[in-house]
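Student: Data: input.cif, mmCIF, C-alpha atoms.
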```cif
data_protein
loop_
_atom_site.group_PDB
_atom_site.id
_atom_site.type_symbol
_atom_site.label_atom_id
_atom_site.label_comp_id
_atom_site.auth_asym_id
_atom_site.auth_seq_id
_atom_site.Cartn_x
_atom_site.Cartn_y
_atom_site.Cartn_z
ATOM 1 C CA SER A 113 10.579 2.474 18.520
ATOM 2 C CA ALA A 114 11.186 2.289 14.761
ATOM 3 C CA ALA A 115 14.500 0.512 15.412
ATOM 4 C CA VAL A 116 12.818 -2.330 17.331
ATOM 5 C CA TYR A 117 9.673 -2.607 15.166
ATOM 6 C CA PRO A 118 9.654 -6.231 13.947
ATOM 7 C CA GLY A 119 8.319 -5.459 10.488
ATOM 8 C CA GLY A 120 5.326 -5.361 8.219
ATOM 9 C CA THR A 121 3.354 -2.657 6.449
ATOM 10 C CA TYR A 122 -0.262 -2.613 5.268
ATOM 11 C CA HIS A 123 0.983 -3.277 1.722
ATOM 12 C CA ASP A 124 3.734 -5.768 2.529
ATOM 13 C CA ARG A 125 3.266 -7.813 5.694
ATOM 14 C CA THR A 126 6.591 -9.562 5.072
ATOM 15 C CA TYR A 127 8.728 -6.424 5.105
ATOM 16 C CA PRO A 128 11.414 -7.265 7.727
ATOM 17 C CA ARG A 129 11.545 -3.960 9.643
ATOM 18 C CA HIS A 130 10.001 -0.497 9.896
ATOM 19 C CA HIS A 131 9.732 1.258 6.527
ATOM 20 C CA PHE A 132 10.029 5.029 6.833
ATOM 21 C CA TRP A 133 7.773 5.769 3.839
ATOM 22 C CA HIS A 134 5.336 2.839 4.001
ATOM 23 C CA ASN A 135 4.547 2.513 7.717
ATOM 24 C CA TYR A 136 2.191 4.925 9.424
ATOM 25 C CA LEU A 137 3.551 6.503 12.583
ATOM 26 C CA CYS A 138 0.639 4.851 14.398
ATOM 27 C CA ASP A 139 1.888 1.404 13.326
ATOM 28 C CA LEU A 140 4.619 1.865 15.917
ATOM 29 C CA LEU A 141 1.939 1.957 18.649
ATOM 30 C CA HIS A 142 0.833 -1.608 17.857
ATOM 31 C CA GLU A 143 1.786 -4.309 20.357
ATOM 32 C CA GLN A 144 1.701 -6.760 17.465
ATOM 33 C CA ALA A 145 3.434 -5.507 14.339
ATOM 34 C CA LEU A 146 1.692 -5.762 10.990
ATOM 35 C CA GLY A 147 4.041 -8.594 10.074
ATOM 36 C CA GLY A 148 2.855 -10.582 13.112
ATOM 37 C CA GLY A 149 5.833 -10.080 15.428
ATOM 38 C CA ARG A 150 5.502 -8.863 19.023
ATOM 39 C CA ASN A 151 6.189 -5.157 19.447
ATOM 40 C CA VAL A 152 5.530 -4.568 23.133
ATOM 41 C CA MET A 153 8.720 -2.613 23.853
ATOM 42 C CA GLY A 154 8.426 -0.656 20.595
ATOM 43 C CA SER A 155 4.798 0.260 21.310
ATOM 44 C CA ARG A 156 5.742 1.533 24.771
ATOM 45 C CA LEU A 157 8.583 3.599 23.325
ATOM 46 C CA ALA A 158 6.291 4.985 20.608
ATOM 47 C CA THR A 159 3.609 5.921 23.152
ATOM 48 C CA ALA A 160 6.163 7.639 25.393
ATOM 49 C CA GLY A 161 7.685 9.466 22.424
ATOM 50 C CA MET A 162 4.302 10.662 21.203
ATOM 51 C CA LEU A 163 3.318 11.877 24.665
ATOM 52 C CA VAL A 164 6.568 13.832 25.027
ATOM 53 C CA LEU A 165 6.027 15.395 21.591
ATOM 54 C CA VAL A 166 2.425 16.276 22.508
ATOM 55 C CA LEU A 167 3.583 17.919 25.736
ATOM 56 C CA LEU A 168 6.142 19.960 23.820
ATOM 57 C CA MET A 169 3.478 20.952 21.287
ATOM 58 C CA ALA A 170 1.144 22.093 24.088
ATOM 59 C CA VAL A 171 3.946 24.261 25.478
ATOM 60 C CA TYR A 172 4.629 25.552 21.973
ATOM 61 C CA TRP A 173 0.995 26.600 21.492
ATOM 62 C CA THR A 174 1.080 28.589 24.720
ATOM 63 C CA LEU A 175 4.174 30.463 23.456
ATOM 64 C CA ALA A 176 3.063 30.830 19.824
ATOM 65 C CA PRO A 177 1.054 34.063 20.317
ATOM 66 C CA SER A 178 4.398 35.810 20.883
ATOM 67 C CA LEU A 179 5.010 35.293 17.168
ATOM 68 C CA LEU A 180 1.988 37.491 16.426
ATOM 69 C CA PRO A 181 2.499 40.595 18.589
ATOM 70 C CA THR A 182 0.486 42.816 16.238
ATOM 71 C CA ARG A 183 -2.444 40.371 16.135
ATOM 72 C CA PRO A 184 -3.217 39.478 19.768
ATOM 73 C CA ALA A 185 -6.711 38.073 19.071
ATOM 74 C CA LEU A 186 -5.315 35.756 16.402
ATOM 75 C CA GLY A 187 -2.560 34.723 18.804
ATOM 76 C CA ARG A 188 -5.082 33.883 21.539
ATOM 77 C CA LEU A 189 -7.165 31.834 19.079
ATOM 78 C CA CYS A 190 -4.040 29.993 17.957
ATOM 79 C CA SER A 191 -3.053 29.222 21.537
ATOM 80 C CA LEU A 192 -6.499 28.052 22.626
ATOM 81 C CA VAL A 193 -7.212 25.709 19.741
ATOM 82 C CA GLY A 194 -3.598 24.518 19.655
ATOM 83 C CA VAL A 195 -3.809 23.347 23.265
ATOM 84 C CA VAL A 196 -7.157 21.630 22.490
ATOM 85 C CA SER A 197 -5.453 19.871 19.586
ATOM 86 C CA SER A 198 -2.641 18.738 21.881
ATOM 87 C CA ALA A 199 -5.194 17.231 24.269
ATOM 88 C CA GLY A 200 -6.664 15.334 21.322
ATOM 89 C CA LEU A 201 -3.211 14.068 20.386
ATOM 90 C CA VAL A 202 -2.902 12.503 23.848
ATOM 91 C CA ALA A 203 -5.945 10.414 22.916
ATOM 92 C CA VAL A 204 -4.282 9.431 19.607
ATOM 93 C CA ALA A 205 -1.271 8.077 21.503
ATOM 94 C CA LEU A 206 -3.403 6.242 24.079
ATOM 95 C CA THR A 207 -5.837 4.620 21.618
ATOM 96 C CA PRO A 208 -3.675 2.478 19.316
ATOM 97 C CA SER A 209 -5.376 1.603 16.037
ATOM 98 C CA ASP A 210 -4.780 -2.145 16.455
ATOM 99 C CA ARG A 211 -6.765 -2.304 19.712
ATOM 100 C CA LEU A 212 -9.133 0.683 19.479
ATOM 101 C CA PRO A 213 -9.464 1.511 15.765
ATOM 102 C CA LYS A 214 -12.657 3.592 15.930
ATOM 103 C CA LEU A 215 -11.508 5.597 18.954
ATOM 104 C CA HIS A 216 -8.113 6.087 17.318
ATOM 105 C CA THR A 217 -9.708 7.453 14.148
ATOM 106 C CA MET A 218 -11.994 9.756 16.131
ATOM 107 C CA ALA A 219 -9.039 10.979 18.216
ATOM 108 C CA ILE A 220 -7.174 11.835 15.014
ATOM 109 C CA VAL A 221 -10.131 13.897 13.806
ATOM 110 C CA VAL A 222 -10.606 15.612 17.194
ATOM 111 C CA ALA A 223 -6.904 16.530 17.283
ATOM 112 C CA THR A 224 -6.590 17.493 13.611
ATOM 113 C CA VAL A 225 -9.433 19.979 13.249
ATOM 114 C CA PRO A 226 -8.320 22.406 16.002
ATOM 115 C CA GLY A 227 -4.692 21.760 15.089
ATOM 116 C CA LEU A 228 -5.362 22.910 11.531
ATOM 117 C CA VAL A 229 -7.178 26.007 12.808
ATOM 118 C CA ALA A 230 -4.237 26.851 15.090
ATOM 119 C CA ALA A 231 -1.687 26.219 12.366
ATOM 120 C CA ALA A 232 -3.654 28.248 9.810
ATOM 121 C CA ALA A 233 -3.999 31.131 12.287
ATOM 122 C CA ILE A 234 -0.305 31.352 13.021
ATOM 123 C CA VAL A 235 0.922 30.690 9.487
ATOM 124 C CA LEU A 236 -1.462 33.178 7.883
ATOM 125 C CA GLY A 237 -0.640 35.712 10.591
ATOM 126 C CA LEU A 238 3.041 35.354 9.782
ATOM 127 C CA VAL A 239 2.545 35.341 6.009
ATOM 128 C CA PHE A 240 1.096 38.853 6.191
ATOM 129 C CA ASP A 241 3.736 40.088 8.649
ATOM 130 C CA THR A 242 6.335 42.067 6.722
ATOM 131 C CA ASP A 243 8.926 41.603 9.484
ATOM 132 C CA VAL A 244 9.000 37.821 9.055
ATOM 133 C CA SER A 245 11.631 36.221 6.832
ATOM 134 C CA ALA A 246 10.574 34.725 3.520
ATOM 135 C CA TRP A 247 12.080 31.406 4.662
ATOM 136 C CA LEU A 248 9.805 31.274 7.720
ATOM 137 C CA ARG A 249 6.749 32.105 5.612
ATOM 138 C CA LEU A 250 7.626 29.436 3.059
ATOM 139 C CA LEU A 251 8.220 26.792 5.729
ATOM 140 C CA GLY A 252 4.925 27.693 7.418
ATOM 141 C CA LEU A 253 2.983 27.440 4.174
ATOM 142 C CA ALA A 254 4.680 24.138 3.253
ATOM 143 C CA THR A 255 3.838 22.728 6.679
ATOM 144 C CA LEU A 256 0.236 23.871 6.524
ATOM 145 C CA LEU A 257 -0.256 22.523 2.992
ATOM 146 C CA SER A 258 1.356 19.165 3.801
ATOM 147 C CA VAL A 259 -0.843 18.718 6.895
ATOM 148 C CA VAL A 260 -3.999 19.750 4.984
ATOM 149 C CA ALA A 261 -3.142 17.320 2.165
ATOM 150 C CA THR A 262 -2.512 14.492 4.624
ATOM 151 C CA ALA A 263 -5.773 15.208 6.454
ATOM 152 C CA GLY A 264 -7.645 15.266 3.156
ATOM 153 C CA PHE A 265 -6.116 11.983 2.010
ATOM 154 C CA PHE A 266 -6.939 10.461 5.410
ATOM 155 C CA VAL A 267 -10.607 11.481 5.173
ATOM 156 C CA VAL A 268 -10.978 10.225 1.594
ATOM 157 C CA HIS A 269 -9.174 6.967 2.394
ATOM 158 C CA THR A 270 -10.922 6.295 5.732
ATOM 159 C CA TRP A 271 -14.488 7.410 5.141
ATOM 160 C CA PHE A 272 -14.975 7.256 1.394
ATOM 161 C CA GLY A 273 -12.924 4.173 0.591
ATOM 162 C CA GLY A 274 -10.909 6.193 -1.878
ATOM 163 C CA GLY A 275 -7.351 5.749 -2.961
ATOM 164 C CA PHE A 276 -4.232 7.249 -1.461
ATOM 165 C CA GLY A 277 -3.600 4.056 0.539
ATOM 166 C CA ARG A 278 -0.006 3.854 -0.627
ATOM 167 C CA ALA A 279 0.606 7.603 -0.639
ATOM 168 C CA LEU A 280 -0.896 8.335 2.773
ATOM 169 C CA PRO A 281 1.966 7.028 4.981
ATOM 170 C CA ALA A 282 4.510 8.976 2.903
ATOM 171 C CA CYS A 283 2.374 12.129 3.075
ATOM 172 C CA GLN A 284 2.108 11.647 6.834
ATOM 173 C CA ARG A 285 5.906 11.527 7.090
ATOM 174 C CA VAL A 286 6.368 14.653 4.971
ATOM 175 C CA ALA A 287 3.797 16.475 7.136
ATOM 176 C CA ALA A 288 5.510 15.260 10.328
ATOM 177 C CA LEU A 289 8.952 16.361 9.117
ATOM 178 C CA CYS A 290 7.596 19.771 8.065
ATOM 179 C CA THR A 291 5.826 20.137 11.420
ATOM 180 C CA VAL A 292 8.960 19.352 13.415
ATOM 181 C CA ALA A 293 10.972 21.765 11.242
ATOM 182 C CA TRP A 294 8.295 24.443 11.707
ATOM 183 C CA LEU A 295 8.103 23.976 15.481
ATOM 184 C CA GLY A 296 11.872 24.027 15.806
ATOM 185 C CA THR A 297 12.369 27.046 13.566
ATOM 186 C CA THR A 298 9.644 29.162 15.161
ATOM 187 C CA THR A 299 10.736 28.172 18.672
ATOM 188 C CA PHE A 300 14.302 29.189 17.791
ATOM 189 C CA THR A 301 12.894 32.485 16.471
ATOM 190 C CA LEU A 302 11.045 33.041 19.737
ATOM 191 C CA LEU A 303 14.126 32.269 21.817
ATOM 192 C CA ARG A 304 16.264 34.702 19.813
ATOM 193 C CA ALA A 305 13.726 37.530 20.118
ATOM 194 C CA PRO A 306 14.698 40.302 22.548
ATOM 195 C CA LEU A 307 12.760 40.306 25.812
#
```
Write the structure described by the file as structure tokens, please.
Tutor:
Amino acid sequence: SAAVYPGGTYHDRTYPRHHFWHNYLCDLLHEQALGGGRNVMGSRLATAGMLVLVLLMAVYWTLAPSLLPTRPALGRLCSLVGVVSSAGLVAVALTPSDRLPKLHTMAIVVATVPGLVAAAAIVLGLVFDTDVSAWLRLLGLATLLSVVATAGFFVVHTWFGGGFGRALPACQRVAALCTVAWLGTTTFTLLRAPL
């Protein structure tokens, strides 16, 4: 969807294409790009891509307790709130900010709060697990911190009219890249574990 996005960011409506660091991921859901061009195909691709990612995340959260075998209660909490977060992310994908801005913002909040709880549960569980590699702990902490920072910037920017307008899309990308790396790494760890 980024490849067919006709262009425009909130800070530069004339930018001729998608800008990795200046466009929000949600900009790709718009049927009309910020620069004014039609983005019907791109919005459909973005919606489909988000829904596939959300489905994979829901599956991930059901498997994640296996990463915490010595903390079953923490694993169950992680799984439960992670699946709730995934359901909220479906609403994010289906309520584009250009057509349903208030619902989109509320969907982000509904998905983020349980998602942060689930992420904190699993990351903190792994941080205190002596059998986990330092690399996995570091990646988990980096992911958690980047998502918390992005959520904080979003709240300040959206509800308090604060700054971070230019930094927020870049923070969102860093958090998304960390999240994908975290999901991939921990899933690979789960798949390699003996049955």
Student: For segment 118-187 of chain A versus segment 216-233 of chain A, which residues have an atom no more than 10 Å away, and what is each residue's nearest atom pair and distance in Å rounded to one decimal, using only C-alpha atoms, chain-then-number order, as a tab-separated table?
Tutor:
```
residue	atom	partner	partner_atom	distance
A:Cys138	CA	A:His216	CA	9.3
A:Trp173	CA	A:Ala230	CA	8.3
A:Ala176	CA	A:Ala230	CA	9.6
A:Pro177	CA	A:Ala233	CA	9.9
A:Leu180	CA	A:Ala233	CA	9.7
A:Leu186	CA	A:Ala233	CA	6.3
A:Gly187	CA	A:Ala233	CA	7.6
```
Student: In Å, how far is it from atom CA of Arg129 of chain A to atom CA of Thr270 of chain A?
Tutor: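 Atom-to-atom, atom CA of Arg129 of chain A to atom CA of Thr270 of chain A, that is 25.0 Å.
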Student: So that I can check the surroundings of Leu295 of chain A, please list as an NGL selection string every protein, DNA and RNA residue that reaches within 9 Å of it, counting all atoms listed in the file and ignoring chain neighbours fewer than 4 positions away.
Tutor: :A and (169 or 172 or 290-291 or 299-300)
Student: If you apply the PyMOL selection byres ((chain A and resi 259) around 12) to this file, what residues do you get, as a CSV table (one decimal) with C-alpha atoms, in the coordinates of the input?
Tutor:
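Result file selection-v7.csv:
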```csv
chain,number,residue,atom,x,y,z
A,224,THR,CA,-6.6,17.5,13.6
A,225,VAL,CA,-9.4,20.0,13.2
A,227,GLY,CA,-4.7,21.8,15.1
A,228,LEU,CA,-5.4,22.9,11.5
A,229,VAL,CA,-7.2,26.0,12.8
A,231,ALA,CA,-1.7,26.2,12.4
A,232,ALA,CA,-3.7,28.2,9.8
A,252,GLY,CA,4.9,27.7,7.4
A,253,LEU,CA,3.0,27.4,4.2
A,254,ALA,CA,4.7,24.1,3.3
A,255,THR,CA,3.8,22.7,6.7
A,256,LEU,CA,0.2,23.9,6.5
A,257,LEU,CA,-0.3,22.5,3.0
A,258,SER,CA,1.4,19.2,3.8
A,260,VAL,CA,-4.0,19.8,5.0
A,261,ALA,CA,-3.1,17.3,2.2
A,262,THR,CA,-2.5,14.5,4.6
A,263,ALA,CA,-5.8,15.2,6.5
A,264,GLY,CA,-7.6,15.3,3.2
A,265,PHE,CA,-6.1,12.0,2.0
A,266,PHE,CA,-6.9,10.5,5.4
A,280,LEU,CA,-0.9,8.3,2.8
A,282,ALA,CA,4.5,9.0,2.9
A,283,CYS,CA,2.4,12.1,3.1
A,284,GLN,CA,2.1,11.6,6.8
A,285,ARG,CA,5.9,11.5,7.1
A,286,VAL,CA,6.4,14.7,5.0
A,287,ALA,CA,3.8,16.5,7.1
A,288,ALA,CA,5.5,15.3,10.3
A,289,LEU,CA,9.0,16.4,9.1
A,290,CYS,CA,7.6,19.8,8.1
A,291,THR,CA,5.8,20.1,11.4
A,292,VAL,CA,9.0,19.4,13.4
A,294,TRP,CA,8.3,24.4,11.7
```
Student: Looking at all atoms listed in the file, which of A:Val268, A:Ala158, A:Ile234, A:Ala145 is the one that sits closest to Pro184 of chain A?
Tutor: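 Under the stated criterion, the closest residue is A:Ile234.
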Student: Can you give me, as a PyMOL selection string, the residues this file yields under the PyMOL selection byres ((chain A and resi 135) around 8)?
Tutor: chain A and resi 120-122+130-134+136-137+139+281
Student: May I ask for the distance between atom CA of Ala199 of chain A and atom CA of Leu212 of chain A, given in Å to one decimal place?
Tutor: 17.7 Å
Student: Compile the contact shell of Met153 of chain A as a PDB file with C-alpha atoms, in the coordinates of the input: residues with an atom at most 8 Å away, counting all atoms listed in the file, same-chain residues fewer than 5 positions apart removed.
Tutor:
```pdb
ATOM      1  CA  SER A 113      10.579   2.474  18.520  1.00  0.00           C
ATOM      2  CA  VAL A 116      12.818  -2.330  17.331  1.00  0.00           C
ATOM      3  CA  GLU A 143       1.786  -4.309  20.357  1.00  0.00           C
TER       4      GLU A 143
END
```
Student: Hey, which of A:Gly237, A:Pro128, A:Ala279, A:Met162 ends up closest to Arg183 of chain A? Count all atoms listed in the file.
Tutor: A:Gly237
Student: If you measure from atom CA of Gly296 of chain A to atom CA of Leu141 of chain A, what distance in Å do you get, rounded to one decimal?
Tutor: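 Taking atom CA of Gly296 of chain A as the start and atom CA of Leu141 of chain A as the end point, the length is 24.4 Å.
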Student: Restore N, CA, C and O atoms in segment 114-128 of chain A and list the result as a PDB file, in the frame of the given file.
Tutor:
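part.pdb written:
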```pdb
ATOM      1  N   ALA A 114      11.043   2.772  16.137  1.00  0.00           N
ATOM      2  CA  ALA A 114      11.186   2.289  14.761  1.00  0.00           C
ATOM      3  C   ALA A 114      12.307   1.255  14.667  1.00  0.00           C
ATOM      4  O   ALA A 114      12.210   0.289  13.903  1.00  0.00           O
ATOM      5  N   ALA A 115      13.357   1.427  15.466  1.00  0.00           N
ATOM      6  CA  ALA A 115      14.500   0.512  15.412  1.00  0.00           C
ATOM      7  C   ALA A 115      14.143  -0.888  15.892  1.00  0.00           C
ATOM      8  O   ALA A 115      14.733  -1.869  15.442  1.00  0.00           O
ATOM      9  N   VAL A 116      13.168  -1.008  16.809  1.00  0.00           N
ATOM     10  CA  VAL A 116      12.818  -2.330  17.331  1.00  0.00           C
ATOM     11  C   VAL A 116      11.532  -2.888  16.710  1.00  0.00           C
ATOM     12  O   VAL A 116      11.130  -3.998  17.043  1.00  0.00           O
ATOM     13  N   TYR A 117      10.899  -2.132  15.818  1.00  0.00           N
ATOM     14  CA  TYR A 117       9.673  -2.607  15.166  1.00  0.00           C
ATOM     15  C   TYR A 117      10.001  -3.852  14.356  1.00  0.00           C
ATOM     16  O   TYR A 117      10.892  -3.836  13.510  1.00  0.00           O
ATOM     17  N   PRO A 118       9.275  -4.968  14.592  1.00  0.00           N
ATOM     18  CA  PRO A 118       9.654  -6.231  13.947  1.00  0.00           C
ATOM     19  C   PRO A 118       9.300  -6.354  12.474  1.00  0.00           C
ATOM     20  O   PRO A 118       9.712  -7.308  11.826  1.00  0.00           O
ATOM     21  N   GLY A 119       8.546  -5.434  11.929  1.00  0.00           N
ATOM     22  CA  GLY A 119       8.319  -5.459  10.488  1.00  0.00           C
ATOM     23  C   GLY A 119       6.872  -5.619  10.078  1.00  0.00           C
ATOM     24  O   GLY A 119       6.007  -6.038  10.848  1.00  0.00           O
ATOM     25  N   GLY A 120       6.650  -5.259   8.819  1.00  0.00           N
ATOM     26  CA  GLY A 120       5.326  -5.361   8.219  1.00  0.00           C
ATOM     27  C   GLY A 120       4.717  -3.999   7.972  1.00  0.00           C
ATOM     28  O   GLY A 120       4.821  -3.096   8.802  1.00  0.00           O
ATOM     29  N   THR A 121       4.113  -3.852   6.788  1.00  0.00           N
ATOM     30  CA  THR A 121       3.354  -2.657   6.449  1.00  0.00           C
ATOM     31  C   THR A 121       1.980  -3.129   5.968  1.00  0.00           C
ATOM     32  O   THR A 121       1.764  -4.322   5.760  1.00  0.00           O
ATOM     33  N   TYR A 122       1.055  -2.220   5.776  1.00  0.00           N
ATOM     34  CA  TYR A 122      -0.262  -2.613   5.268  1.00  0.00           C
ATOM     35  C   TYR A 122      -0.174  -3.176   3.860  1.00  0.00           C
ATOM     36  O   TYR A 122      -1.018  -3.967   3.457  1.00  0.00           O
ATOM     37  N   HIS A 123       0.857  -2.816   3.106  1.00  0.00           N
ATOM     38  CA  HIS A 123       0.983  -3.277   1.722  1.00  0.00           C
ATOM     39  C   HIS A 123       1.962  -4.439   1.564  1.00  0.00           C
ATOM     40  O   HIS A 123       1.949  -5.111   0.546  1.00  0.00           O
ATOM     41  N   ASP A 124       2.781  -4.661   2.579  1.00  0.00           N
ATOM     42  CA  ASP A 124       3.734  -5.768   2.529  1.00  0.00           C
ATOM     43  C   ASP A 124       3.971  -6.271   3.953  1.00  0.00           C
ATOM     44  O   ASP A 124       4.827  -5.775   4.679  1.00  0.00           O
ATOM     45  N   ARG A 125       3.173  -7.279   4.325  1.00  0.00           N
ATOM     46  CA  ARG A 125       3.266  -7.813   5.694  1.00  0.00           C
ATOM     47  C   ARG A 125       4.596  -8.518   5.948  1.00  0.00           C
ATOM     48  O   ARG A 125       4.961  -8.759   7.090  1.00  0.00           O
ATOM     49  N   THR A 126       5.329  -8.845   4.895  1.00  0.00           N
ATOM     50  CA  THR A 126       6.591  -9.562   5.072  1.00  0.00           C
ATOM     51  C   THR A 126       7.799  -8.632   5.163  1.00  0.00           C
ATOM     52  O   THR A 126       8.922  -9.110   5.363  1.00  0.00           O
ATOM     53  N   TYR A 127       7.590  -7.342   5.034  1.00  0.00           N
ATOM     54  CA  TYR A 127       8.728  -6.424   5.105  1.00  0.00           C
ATOM     55  C   TYR A 127       9.406  -6.602   6.464  1.00  0.00           C
ATOM     56  O   TYR A 127       8.737  -6.576   7.505  1.00  0.00           O
ATOM     57  N   PRO A 128      10.747  -6.793   6.505  1.00  0.00           N
ATOM     58  CA  PRO A 128      11.414  -7.265   7.727  1.00  0.00           C
ATOM     59  C   PRO A 128      11.622  -6.235   8.840  1.00  0.00           C
ATOM     60  O   PRO A 128      12.084  -6.583   9.926  1.00  0.00           O
TER      61      PRO A 128
END
```
